[in-house]
Structure formats: C-alpha cells, structure tokens
>>> print(open('data24.cif').read())   # mmCIF, C-alpha atoms
data_entry
#
loop_
_atom_site.label_atom_id
_atom_site.label_comp_id
_atom_site.auth_asym_id
_atom_site.auth_seq_id
_atom_site.Cartn_x
_atom_site.Cartn_y
_atom_site.Cartn_z
CA MET M 20 127.09 132.33 105.76
CA LYS M 21 128.28 133.18 102.24
CA ASN M 22 127.41 131.32 99.10
CA ILE M 23 130.42 129.82 97.33
CA GLU M 24 129.31 131.48 94.08
CA THR M 25 129.79 134.94 95.63
CA ILE M 26 133.40 134.26 96.62
CA ASN M 27 136.09 134.73 94.01
CA GLU M 28 139.26 132.68 93.71
CA TYR M 29 141.39 135.23 95.59
CA GLU M 30 139.01 135.36 98.57
CA PHE M 31 138.84 131.58 98.83
CA LEU M 32 142.64 131.19 98.64
CA GLU M 33 142.98 133.85 101.31
CA PHE M 34 140.53 131.95 103.52
CA TYR M 35 142.36 128.70 102.74
CA ASN M 36 145.87 130.03 103.50
CA GLU M 37 144.91 131.78 106.72
CA ARG M 38 144.08 128.50 108.43
CA SER M 39 146.12 125.50 109.41
CA PHE M 40 144.50 122.12 108.80
CA ASP M 41 145.37 118.66 107.57
CA ALA M 42 146.63 118.56 104.00
CA ASN M 43 144.16 115.84 103.06
CA CYS M 44 141.28 118.35 103.21
CA PHE M 45 141.64 118.52 99.41
CA ASN M 46 142.60 115.93 96.84
CA ASP M 47 145.55 116.50 94.49
CA ASP M 48 143.20 117.77 91.77
CA GLY M 49 141.78 120.41 94.11
CA SER M 50 138.47 118.61 94.76
CA LEU M 51 137.17 118.10 98.29
CA ASN M 52 138.26 114.95 100.09
CA LYS M 53 134.96 113.36 101.10
CA ASN M 54 136.56 111.59 104.08
CA TYR M 55 138.09 114.66 105.72
CA ASN M 56 136.81 115.40 109.24
CA PHE M 57 133.61 113.53 108.66
CA PHE M 58 131.92 111.05 110.97
CA LYS M 59 129.40 109.26 108.78
CA SER M 60 130.53 106.06 107.10
CA THR M 61 128.79 104.75 104.01
CA GLY M 62 126.26 102.03 104.76
CA ILE M 63 126.35 98.58 103.18
CA ILE M 64 123.31 99.26 101.00
CA ALA M 65 124.78 102.51 99.68
CA SER M 66 128.05 100.64 98.96
CA ILE M 67 126.19 97.95 97.00
CA PHE M 68 124.47 100.59 94.89
CA ASP M 69 127.74 102.47 94.42
CA ASP M 70 129.57 99.32 93.26
CA HIS M 71 126.89 97.82 91.00
CA TRP M 72 124.29 100.41 90.04
CA GLU M 73 125.82 101.39 86.70
CA SER M 74 126.05 97.82 85.38
CA THR M 75 122.60 96.94 86.79
CA TYR M 76 120.99 99.94 85.14
CA LEU M 77 122.61 99.30 81.75
CA ALA M 78 121.44 95.67 81.81
CA ASN M 79 117.86 96.56 82.85
CA LYS M 80 117.41 100.09 81.50
CA GLU M 81 114.13 99.50 79.67
CA ILE M 82 112.44 97.83 82.65
CA ILE M 83 113.71 100.35 85.20
CA ASP M 84 112.76 103.39 83.10
CA LYS M 85 109.25 102.05 82.54
CA TYR M 86 108.32 100.82 86.00
CA ARG M 87 110.48 103.00 88.27
CA PRO M 88 111.30 106.17 86.30
CA ASP M 89 112.58 108.00 89.41
CA ALA M 90 115.22 105.33 90.05
CA VAL M 91 118.18 107.04 88.34
CA VAL M 92 117.81 110.23 90.36
CA ASP M 93 116.97 108.54 93.66
CA VAL M 94 119.73 105.94 93.48
CA GLN M 95 122.31 108.62 92.68
CA LYS M 96 121.13 110.52 95.76
CA ILE M 97 121.71 107.44 97.90
CA ILE M 98 125.20 106.98 96.46
CA ASP M 99 126.02 110.67 96.97
CA CYS M 100 124.45 111.00 100.42
CA ALA M 101 126.88 112.76 102.77
CA ASN M 102 129.89 112.48 100.44
CA ARG M 103 129.78 116.17 99.38
CA ASN M 104 128.55 115.58 95.84
CA LEU M 105 125.26 116.99 97.15
CA GLY M 106 127.09 120.03 98.48
CA CYS M 107 128.31 120.82 101.97
CA SER M 108 128.54 123.48 104.63
CA VAL M 109 132.01 124.62 105.72
CA TYR M 110 132.63 125.50 109.35
CA ALA M 111 135.76 127.05 110.88
CA CYS M 112 136.97 126.76 114.46
CA PRO M 113 137.75 130.20 115.99
CA HIS M 114 140.17 128.58 118.44
CA CYS M 115 142.39 126.17 116.48
CA HIS M 116 141.45 127.52 113.01
CA ASP M 117 140.74 124.07 111.63
CA ILE M 118 137.89 123.71 109.14
CA VAL M 119 135.23 121.01 108.88
CA PHE M 120 133.03 120.09 105.94
CA ILE M 121 129.53 118.93 106.93
CA ALA M 122 128.14 117.23 103.86
CA HIS M 123 124.51 117.58 102.84
CA THR M 124 122.38 114.46 102.97
CA CYS M 125 120.06 113.15 100.25
CA LYS M 126 116.75 113.41 102.21
CA SER M 127 115.56 110.33 100.32
CA ARG M 128 113.08 107.96 101.96
CA PHE M 129 114.96 105.13 100.21
CA CYS M 130 118.17 105.96 102.10
CA SER M 131 118.64 103.89 105.26
CA SER M 132 120.05 106.90 107.12
CA CYS M 133 117.81 109.74 105.91
CA GLY M 134 114.79 107.45 105.99
CA TYR M 135 115.31 106.97 109.72
CA LYS M 136 114.93 110.72 110.27
CA TYR M 137 111.85 110.75 108.03
CA LYS M 138 110.36 107.93 110.11
CA ASN M 139 110.92 109.79 113.38
CA GLN M 140 109.23 112.91 112.00
CA ARG M 141 106.20 110.93 110.83
CA VAL M 142 105.90 109.19 114.20
CA GLU M 143 105.91 112.51 116.02
CA ASN M 144 103.31 114.02 113.64
CA ILE M 145 100.98 111.08 114.27
CA LEU M 146 101.46 111.23 118.05
CA GLN M 147 100.62 114.94 118.03
CA THR M 148 97.46 114.28 115.99
CA ALA M 149 96.14 111.29 117.96
CA TYR M 150 93.69 111.35 120.86
CA ASN M 151 94.40 109.72 124.20
CA CYS M 152 92.38 106.54 123.62
CA ASN M 153 92.91 102.89 122.73
CA HIS M 154 93.94 102.14 119.15
CA ARG M 155 93.66 98.81 117.38
CA GLN M 156 95.98 97.56 114.67
CA VAL M 157 94.17 96.22 111.60
CA VAL M 158 96.08 94.72 108.67
CA PHE M 159 94.42 94.44 105.26
CA THR M 160 96.14 91.91 103.00
CA ILE M 161 95.54 90.82 99.42
CA PRO M 162 96.11 87.33 97.98
CA GLU M 163 99.14 86.54 95.89
CA GLN M 164 96.98 86.33 92.74
CA LEU M 165 96.19 90.06 93.00
CA ARG M 166 99.56 91.53 93.92
CA ASN M 167 100.86 92.18 90.42
CA TYR M 168 97.83 94.37 89.67
CA PHE M 169 99.19 96.86 92.20
CA PHE M 170 102.71 97.01 90.79
CA PHE M 171 101.93 99.06 87.67
CA PRO M 172 100.54 101.65 87.23
CA PHE M 173 101.61 101.99 90.84
CA GLU M 174 100.13 105.26 92.12
CA HIS M 175 96.70 104.72 90.60
CA ARG M 176 96.33 101.14 91.82
CA ILE M 177 97.67 101.79 95.33
CA ASN M 178 95.15 104.62 95.62
CA ILE M 179 92.48 102.00 94.86
CA LEU M 180 93.84 99.84 97.70
CA PHE M 181 93.74 102.76 100.17
CA ASN M 182 90.22 103.60 98.97
CA ALA M 183 89.05 100.01 99.52
CA VAL M 184 90.39 100.02 103.09
CA SER M 185 88.69 103.32 103.86
CA LYS M 186 85.35 102.22 102.38
CA THR M 187 85.53 98.94 104.32
CA ILE M 188 86.01 100.65 107.68
CA TYR M 189 83.22 103.17 107.04
CA SER M 190 80.96 100.36 105.84
CA ILE M 191 81.57 98.18 108.91
CA LEU M 192 80.89 101.16 111.15
CA ASN M 193 77.64 102.33 109.56
CA GLU M 194 76.18 99.32 107.75
CA SER M 195 75.14 95.77 108.58
CA PHE M 196 73.45 92.92 106.74
CA LYS M 197 70.66 90.86 108.27
CA LYS M 198 68.72 87.90 106.93
CA ASN M 199 65.02 88.35 106.47
CA LYS M 200 62.45 85.55 106.79
CA LYS M 201 63.17 84.40 103.25
CA GLY M 202 66.87 84.01 104.04
CA ILE M 203 67.87 87.01 101.92
CA PHE M 204 70.42 89.43 103.31
CA LYS M 205 69.09 92.96 103.71
CA LYS M 206 71.33 96.00 104.08
CA CYS M 207 70.69 98.09 107.21
CA VAL M 208 72.15 101.60 107.46
CA SER M 209 72.65 103.38 110.78
CA LYS M 210 70.36 106.42 111.24
CA ILE M 211 73.23 108.27 112.88
CA LYS M 212 76.23 108.56 110.58
CA TYR M 213 79.37 107.68 112.51
CA SER M 214 82.89 108.71 111.62
CA PRO M 215 85.98 106.68 112.61
CA GLY M 216 89.51 108.00 113.03
CA PHE M 217 92.47 106.08 111.74
CA PHE M 218 95.94 106.22 110.23
CA ALA M 219 96.76 103.98 107.24
CA PHE M 220 100.31 102.85 106.40
CA LEU M 221 101.36 101.24 103.13
CA HIS M 222 103.89 98.38 103.23
CA THR M 223 104.91 96.94 99.86
CA PHE M 224 107.00 93.97 100.98
CA GLY M 225 107.15 90.92 103.15
CA ARG M 226 110.13 89.82 105.21
CA ASP M 227 111.61 88.02 102.19
CA LEU M 228 111.43 91.32 100.18
CA LYS M 229 108.91 89.95 97.67
CA TRP M 230 106.26 92.30 96.29
CA ASN M 231 103.44 92.10 98.81
CA PRO M 232 101.44 95.34 99.12
CA HIS M 233 99.28 95.52 102.24
CA ILE M 234 98.00 98.23 104.53
CA HIS M 235 98.40 98.55 108.28
CA VAL M 236 95.78 100.64 110.05
CA LEU M 237 95.88 102.14 113.55
CA LEU M 238 92.21 102.62 114.33
CA ALA M 239 90.95 104.66 117.30
CA GLU M 240 88.41 102.69 119.30
CA LEU M 241 86.07 105.68 119.15
CA LYS M 242 83.28 106.70 116.81
CA LEU M 243 81.94 110.22 116.48
CA GLY M 244 78.29 110.58 115.55
CA SER M 245 76.70 113.16 113.27
CA ASP M 246 74.58 114.14 116.31
CA GLY M 247 77.74 115.22 118.19
CA SER M 248 78.02 112.02 120.23
CA CYS M 249 81.26 110.19 121.00
CA LYS M 250 81.13 106.45 121.73
CA THR M 251 83.61 103.64 122.23
CA TRP M 252 84.02 101.21 119.35
CA ASN M 253 85.77 97.98 120.29
CA PHE M 254 83.65 95.24 118.73
CA PHE M 255 84.78 94.01 115.31
CA ASP M 256 83.14 91.29 113.26
CA TYR M 257 86.24 89.69 111.72
CA ASP M 258 84.28 87.66 109.17
CA ALA M 259 82.36 90.71 108.04
CA LEU M 260 85.59 92.69 107.75
CA SER M 261 87.21 90.09 105.50
CA ARG M 262 84.19 89.61 103.24
CA ARG M 263 83.40 93.31 103.02
CA PHE M 264 87.00 94.18 102.14
CA GLN M 265 87.06 91.48 99.47
CA LYS M 266 83.87 92.71 97.80
CA ILE M 267 84.77 96.40 97.93
CA LEU M 268 88.30 95.86 96.60
CA LEU M 269 87.26 93.52 93.79
CA ASP M 270 84.45 95.87 92.74
CA LEU M 271 86.87 98.82 92.58
CA ILE M 272 89.39 96.85 90.51
CA SER M 273 86.62 95.58 88.26
CA LYS M 274 85.42 99.14 87.71
CA ASP M 275 88.96 100.15 86.79
CA LEU M 276 89.75 97.21 84.46
CA GLY M 277 86.32 96.43 83.04
CA LYS M 278 85.11 93.04 81.80
CA SER M 279 88.66 91.73 81.33
CA PHE M 280 88.79 91.25 85.10
CA ASP M 281 85.54 89.27 85.41
CA ASN M 282 87.08 85.78 85.18
CA LYS M 283 89.78 86.60 87.72
CA LYS M 284 87.16 88.12 90.02
CA ASN M 285 84.97 85.01 89.92
CA LEU M 286 87.95 82.74 90.57
CA LEU M 287 88.96 84.81 93.61
CA TYR M 288 85.47 84.57 95.09
CA LYS M 289 85.60 80.79 94.71
CA LYS M 290 89.12 80.45 96.09
CA PHE M 291 88.49 82.76 99.07
CA PRO M 292 84.86 82.17 100.12
CA ASN M 293 85.51 83.74 103.55
CA GLY M 294 87.02 86.91 102.09
CA PHE M 295 90.57 88.28 102.04
CA TYR M 296 92.51 87.95 105.27
CA VAL M 297 92.14 90.95 107.58
CA TYR M 298 93.94 90.87 110.93
CA ALA M 299 92.03 92.87 113.54
CA GLU M 300 92.59 91.16 116.87
CA PRO M 301 93.75 93.42 119.71
CA LYS M 302 97.54 93.63 119.68
CA LYS M 303 99.02 94.87 122.91
CA PHE M 304 101.86 97.31 122.32
CA LYS M 305 103.79 98.72 125.27
CA ASP M 306 102.19 102.06 124.43
CA PHE M 307 100.70 103.84 121.41
CA LYS M 308 104.09 105.25 120.39
CA SER M 309 105.50 101.71 120.13
CA GLY M 310 102.61 100.77 117.85
CA VAL M 311 103.17 103.80 115.63
CA GLU M 312 106.90 103.10 115.42
CA TYR M 313 106.19 99.47 114.53
CA VAL M 314 103.97 100.25 111.54
CA THR M 315 105.93 103.34 110.44
CA ARG M 316 109.30 101.60 110.50
CA TYR M 317 109.43 100.76 106.79
CA CYS M 318 107.18 103.51 105.44
CA GLY M 319 110.12 105.83 105.02
CA ARG M 320 113.14 103.57 104.75
CA VAL M 321 114.76 101.13 102.39
CA PRO M 322 112.83 97.82 102.76
CA ILE M 323 115.64 96.02 104.58
CA SER M 324 117.67 97.17 107.56
CA GLU M 325 121.46 97.09 107.40
CA ASN M 326 121.70 94.53 110.21
CA ARG M 327 119.77 91.97 108.15
CA ILE M 328 122.52 91.93 105.53
CA VAL M 329 124.62 89.03 106.76
CA ASN M 330 127.41 89.36 104.21
CA TYR M 331 128.40 91.42 101.20
CA ASP M 332 131.00 89.61 99.09
CA GLU M 333 132.21 92.39 96.84
CA ASP M 334 134.60 90.18 94.84
CA ASN M 335 131.94 87.59 93.96
CA ARG M 336 129.12 90.17 93.72
CA LEU M 337 127.02 88.30 96.28
CA VAL M 338 124.67 89.74 98.91
CA THR M 339 123.36 87.50 101.70
CA PHE M 340 120.45 88.65 103.85
CA SER M 341 118.35 87.02 106.57
CA TYR M 342 114.69 86.98 107.52
CA ILE M 343 112.23 85.18 109.80
CA ASP M 344 109.49 83.54 107.73
CA HIS M 345 105.91 84.18 108.93
CA LYS M 346 104.84 80.71 107.80
CA ASP M 347 107.24 78.60 109.86
CA ASN M 348 108.69 81.31 112.15
CA LYS M 349 112.18 80.05 111.29
CA TYR M 350 115.40 81.87 110.43
CA HIS M 351 116.34 81.87 106.73
CA GLU M 352 119.27 83.21 104.72
CA THR M 353 119.15 84.07 101.02
CA SER M 354 122.09 84.86 98.76
CA LEU M 355 121.60 86.88 95.60
CA ASN M 356 123.71 88.39 92.89
CA ALA M 357 124.25 92.09 93.69
CA SER M 358 122.30 93.16 90.59
CA GLN M 359 119.38 90.92 91.55
CA PHE M 360 119.43 92.39 95.05
CA ILE M 361 119.31 95.93 93.62
CA MET M 362 116.42 95.05 91.30
CA ILE M 363 114.45 93.58 94.23
CA LEU M 364 114.95 96.79 96.23
CA LEU M 365 113.87 98.89 93.24
CA ARG M 366 110.46 97.21 93.28
CA HIS M 367 109.81 99.10 96.50
CA LEU M 368 111.17 102.48 95.37
CA LEU M 369 108.10 104.69 95.59
CA PRO M 370 107.59 108.10 93.93
CA SER M 371 109.06 110.85 96.10
CA GLN M 372 105.78 112.76 96.55
CA PHE M 373 103.57 109.71 97.00
CA LYS M 374 101.78 109.63 100.37
CA ILE M 375 102.55 106.34 102.08
CA ILE M 376 100.89 107.38 105.35
CA ARG M 377 97.36 108.78 105.25
CA TYR M 378 94.95 110.21 107.79
CA TYR M 379 91.22 109.44 107.71
CA GLY M 380 87.99 110.40 109.47
CA PHE M 381 88.26 112.64 112.50
CA TYR M 382 92.07 112.47 112.26
CA ARG M 383 91.97 114.03 108.81
CA LYS M 384 90.24 117.25 109.81
CA LYS M 385 88.90 118.94 112.93
CA HIS M 386 85.32 118.29 113.94
CA SER M 387 82.70 119.90 116.17
CA ILE M 388 83.90 118.32 119.44
CA HIS M 389 87.65 118.41 118.67
CA ASP M 390 88.38 120.88 121.49
CA LYS M 391 86.62 118.61 124.00
CA MET M 392 88.81 115.60 123.15
CA ILE M 393 91.95 114.79 125.15
CA PRO M 394 95.06 114.87 122.92
CA LEU M 395 97.75 112.26 123.40
CA ILE M 396 100.48 114.94 123.43
CA LYS M 397 99.73 118.06 125.45
CA LYS M 398 100.08 121.38 123.59
CA HIS M 399 102.72 122.82 125.91
CA SER M 400 105.21 120.02 125.09
CA ARG M 401 104.73 119.82 121.30
CA LYS M 402 107.35 122.37 120.24
CA PHE M 403 109.93 120.92 122.62
CA ARG M 404 109.35 117.41 121.23
CA LYS M 405 109.74 118.62 117.63
CA ASP M 406 112.94 120.48 118.54
CA LEU M 407 114.41 117.15 119.66
CA LEU M 408 114.20 115.97 116.02
CA LYS M 409 116.38 118.78 114.70
CA TYR M 410 119.77 117.83 113.27
CA GLU M 411 122.01 119.14 116.05
CA THR M 412 119.91 117.73 118.90
CA SER M 413 119.34 114.33 117.28
CA ILE M 414 123.09 113.87 116.59
CA LEU M 415 123.91 114.93 120.15
CA LEU M 416 121.41 112.46 121.62
CA ALA M 417 122.38 109.57 119.34
CA PHE M 418 126.18 109.93 119.20
CA LYS M 419 126.97 112.04 122.30
CA ARG M 420 128.74 114.72 120.26
CA ASN M 421 127.75 118.09 118.85
CA PRO M 422 128.20 118.16 115.05
CA TYR M 423 128.93 121.89 115.17
CA ASN M 424 131.77 121.58 117.68
CA CYS M 425 135.36 121.31 116.50
CA PRO M 426 136.49 117.64 116.52
CA LYS M 427 139.94 118.73 117.81
CA CYS M 428 139.22 121.19 120.62
CA ASP M 429 135.42 120.93 121.02
CA THR M 430 134.95 124.69 120.46
CA ARG M 431 131.73 125.85 118.80
CA MET M 432 132.51 126.34 115.10
CA GLU M 433 131.35 129.21 112.91
CA PRO M 434 129.73 128.81 109.46
CA VAL M 435 131.85 130.33 106.69
CA LEU M 436 130.83 128.78 103.36
CA TYR M 437 127.88 127.02 101.76
CA ILE M 438 128.83 124.91 98.77
CA LYS M 439 125.96 124.01 96.46
CA GLU M 440 125.24 120.64 94.93
CA LYS M 441 127.33 119.86 91.86
#
>>> encode(input="data24.cif", output="structure tokens")
Amino acid sequence: MKNIETINEYEFLEFYNERSFDANCFNDDGSLNKNYNFFKSTGIIASIFDDHWESTYLANKEIIDKYRPDAVVDVQKIIDCANRNLGCSVYACPHCHDIVFIAHTCKSRFCSSCGYKYKNQRVENILQTAYNCNHRQVVFTIPEQLRNYFFFPFEHRINILFNAVSKTIYSILNESFKKNKKGIFKKCVSKIKYSPGFFAFLHTFGRDLKWNPHIHVLLAELKLGSDGSCKTWNFFDYDALSRRFQKILLDLISKDLGKSFDNKKNLLYKKFPNGFYVYAEPKKFKDFKSGVEYVTRYCGRVPISENRIVNYDEDNRLVTFSYIDHKDNKYHETSLNASQFIMILLRHLLPSQFKIIRYYGFYRKKHSIHDKMIPLIKKHSRKFRKDLLKYETSILLAFKRNPYNCPKCDTRMEPVLYIKEK
C-alpha cells in the first residue's frame, strides 16, 4: 500500500482515469465525498456534537478549557469519526475496477462506536486474566456531599478513590477489630498476610447522567496466603466494609486537603454513622463474562447509549433522553437544550491515557502458585478469541458482510492508497 504523499498528481490522475466508478466519489471542489461507498451512518450523539459544538464551546470556553482541557481534540475526533477527515484507506476491485474509501475511525473512548470496540477488548483482556472461580460484585459509593471533590483535579482525586477501595479490601481481608473487656476496640492483624484478586471499574455517572463517581469491583472469592496457601473467601461483613471504607476514604481526603476538610469530615461522620454505602451481596450473573460486560459497559463509551435518546429536535435544539430511576424504579424522560446536553456529557470526558479499569492483588502480577491455578480461558483458545475482535472479523460477524469485499460484485478488494489525516 502506497502513501498518498509518495504519489504525484500525474500518478493519481492515471489511477483515477483507469477506473470506472460513480461520479460522486469526489465533490465538485475535488475533495472526497464522505458518503461514497460507505456503510457507517453518523450516530445521533455525533450529530448533536457536529451541530452544536462550536456554539457550545464559544459560550463555555473558560470552563471547558479549565476542567476538561482535552475536550476540543476529543470532540473533533467524534465529529470526524469515519467521515475521512481522519484519513482513509482506498481499495480497488480487480474485477469491476470500482474503488472504495474505508475511512479511519477516531479510536476515542468517548465515541459510541469506537468505545464499543474498546469495551470488547477490555472484556476479553479481563476474561483471559481471571481464574475459574466465583467472583462477587462490590460497589463502593460516595455520598452526594463528597462528589464535587472528585471532579477537579480529576486524575489526582480519582486515584485517591481507587486507593481507598484497594486499602478497604486489603484491610477487611487481613484486619479485624474486637472489643476488649473495657469495651475498647482492639485491632487484630492476621499472622498470615493474605492477598485478594480483583478488578476495579470507575463509573462517573448515574442513570440520569449526573456526576456520581463510584467504583464497581469484581472480587475473586479466593485469598492467597503468604505461606503459599489458597483459600475460599466468601464471607463479607457488610457493616465493617461500609465503615472501613468511610474511614479510609475520609482520612485520605483529609491528608490531601488538610485542616480545611475537618468540618466536612466531622459532619459526614455524623450524617452517616453506619459508613458509606457499599453493595456486596452476591449478584448472580448468567456467567462471569456477563458480569464483566455489565460493569465494563460504560468504562469505554459515551455515558449514554444511542437508544436512550428518545428524540433530537434539531430545529428547536432540544435533546430528550430516558432513564430508569434507581429510587423509584420508574421510567423518566428529560429534555435539555443541546448545549446543556453536551456540557453534561463533557463532565464524563476522561483523559485519554487515564486508566478507568485497574487490576489488583494476584490479578495484577503473577505469584508463586500462578501455574497451579485454573484459568478461566484456556491458553489454546486465547489467540483465536482475540482474532475475533479484529476489524474484518468483527464487521463480518456483526453485519454479515466483509468490509474488504467490493460492495458491487463481492470480490476481494486490493489496497492501493493510504490517505493520512488532514
């Protein structure tokens, strides 16, 4: 495949004139027609950004640049995804001589289409890391009074949240508190140091799209001892989990903010005497993969699926979306100005290199008895499963067509040009 920069005008015209194809391959000004021989239609969310991003950014430039500095680049990627502004690969059919432009995608986790591929890759990586044992879902939530502390500076504060979750799980596993004869709680530490294994997933939103950072954990019901032992771990003291998480998180925030946080800290202890809510009851998924897909669903995608957008009134600049409220379990619809809708989505635009999914304990690195453990996915099938996620195979499975076959005669096309991003 040649690079477009290595082909001069004469060579390209020769290539162009040798083939017969629809005239609308190019626009009148010579630019590529983004709709020619292409199968992907722009999603509703991308259309909303395309129609209203410029005016939204101009009206909120100072706020956006401060709190979400990557927004300009990432939003433009979403708008340009698959419309050839990000470049494209040109394929020619050896049989009917038609040519097809396969546009490059944005690879953004904030794109509803590219994020879906990202999600599938993360699910497969987790499945190939996990052991064949029971896993429990644990959800660590924070009260509404604390949520704004994790909005900015985002990366630093979210790292504190992940750290609090990790410390809580290790603490519950290796430490306990018992009352002595005087009624004073005494800390007891296990002689054998046990290590858990879990995956942690950051979600920054609730169903109504409000800022609500919380962490889902898939925790293996196993504990590996420093003496080389491996034991089941399926008893969880829910009250201890909630109180321990509350103390560890508030202490970490207090250490970060100093004395200015003392009043808020004391108020939170009074308002939540039983600790911050931690969900840890056994949740029965059909299988482990279903559980991973459930918690990974919005780790790599825009925080609302296209099918929840009930209506987009372009003329009146209104976006209506639906959700089921956790509190009353009822269906709700909300209508917002398009700019407001964009600003709400931008709250959840995370830095491109920020790790939303993290591995801990014996899932983070190999240990002494790793080779004796039974993996969930057998080694002989791992490469085959990853090959199924490749572009050609995934399109074939999802849409029953090969993207590299000619749309007219179904002949395998040949790559002829690679056009770089503008």
>>> resolve_selection(input="data24.cif", expression="the PyMOL selection byres ((chain M and resi 147) around 12)", output="PyMOL selection string")
chain M and resi 140-146+148-151+307-308+311+382+393-405
>>> atom_distance(input="data24.cif", atom1="atom CA of M:Ile438", atom2="atom CA of M:Lys126")
17.0 Å
>>> closest_residue(input="data24.cif", among="M:Leu368, M:Leu228, M:Leu165, M:Cys115", to="M:Asp344", atoms="only C-alpha atoms")
M:Leu228
>>> resolve_selection(input="data24.cif", expression="the PyMOL selection byres ((chain M and resi 262-279) around 9)", output="ChimeraX atom specification")
/M:159,161,168,176,179-180,182-184,186-188,190-191,257-261,280-284,287-288,291-297
>>> resolve_selection(input="data24.cif", expression="the PyMOL selection byres ((chain M and resi 300) around 9)", output="MDAnalysis selection string")
chainID M and resid 155:157 255 257 298:299 301:302
>>> closest_residue(input="data24.cif", among="M:Pro322, M:Ser214, M:Tyr110, M:Leu436", to="M:Tyr423", atoms="all atoms listed in the file")
M:Tyr110
>>> residues_near_point(input="data24.cif", point="(100.8, 98.5, 113.3)", cutoff="6 Å", atoms="only C-alpha atoms", output="JSON, numbers by chain")
{"M": [156, 235, 310, 313, 314]}
>>> atom_distance(input="data24.cif", atom1="atom CA of M:Tyr378", atom2="atom CA of M:Phe217")
6.2 Å
>>> atom_distance(input="data24.cif", atom1="atom CA of M:Ser127", atom2="atom CA of M:Leu355")
24.7 Å
>>> closest_residue(input="data24.cif", among="M:Val119, M:Ala219, M:Leu243, M:Ile97", to="M:Pro422", atoms="only C-alpha atoms")
M:Val119
>>> closest_residue(input="data24.cif", among="M:Leu365, M:Leu192, M:Cys100, M:Leu407", to="M:Tyr86", atoms="only C-alpha atoms")
M:Leu365
>>> closest_residue(input="data24.cif", among="M:Cys425, M:Asn330, M:Ser132, M:Gln164", to="M:Lys290", atoms="only C-alpha atoms")
M:Gln164
>>> closest_residue(input="data24.cif", among="M:Asn178, M:Asn424, M:Thr75, M:Ser324", to="M:Lys374", atoms="only C-alpha atoms")
M:Asn178
>>> residues_around(input="data24.cif", residues="M:Cys130", least_positions_apart="2", cutoff="12 Å", atoms="all atoms listed in the file", output="ChimeraX atom specification")
/M:61-66,68,93-101,124-128,132-138,317-325,364,368,371
>>> residues_around(input="data24.cif", residues="M:Val91", least_positions_apart="4", cutoff="10 Å", atoms="only C-alpha atoms", output="PyMOL selection string")
chain M and resi 72-73+76+80+83-84+87+95-96
>>> residues_around(input="data24.cif", residues="M:Tyr379", least_positions_apart="2", cutoff="8 Å", atoms="all atoms listed in the file", output="list of chain:residue names")
M:Ser185, M:Pro215, M:Gly216, M:Phe217, M:Phe218, M:Ala219, M:Arg377, M:Phe381, M:Tyr382, M:Arg383
>>> residues_around(input="data24.cif", residues="M:Arg420", least_positions_apart="2", cutoff="12 Å", atoms="all atoms listed in the file", output="PyMOL selection string")
chain M and resi 58+410-418+422-426+429-431
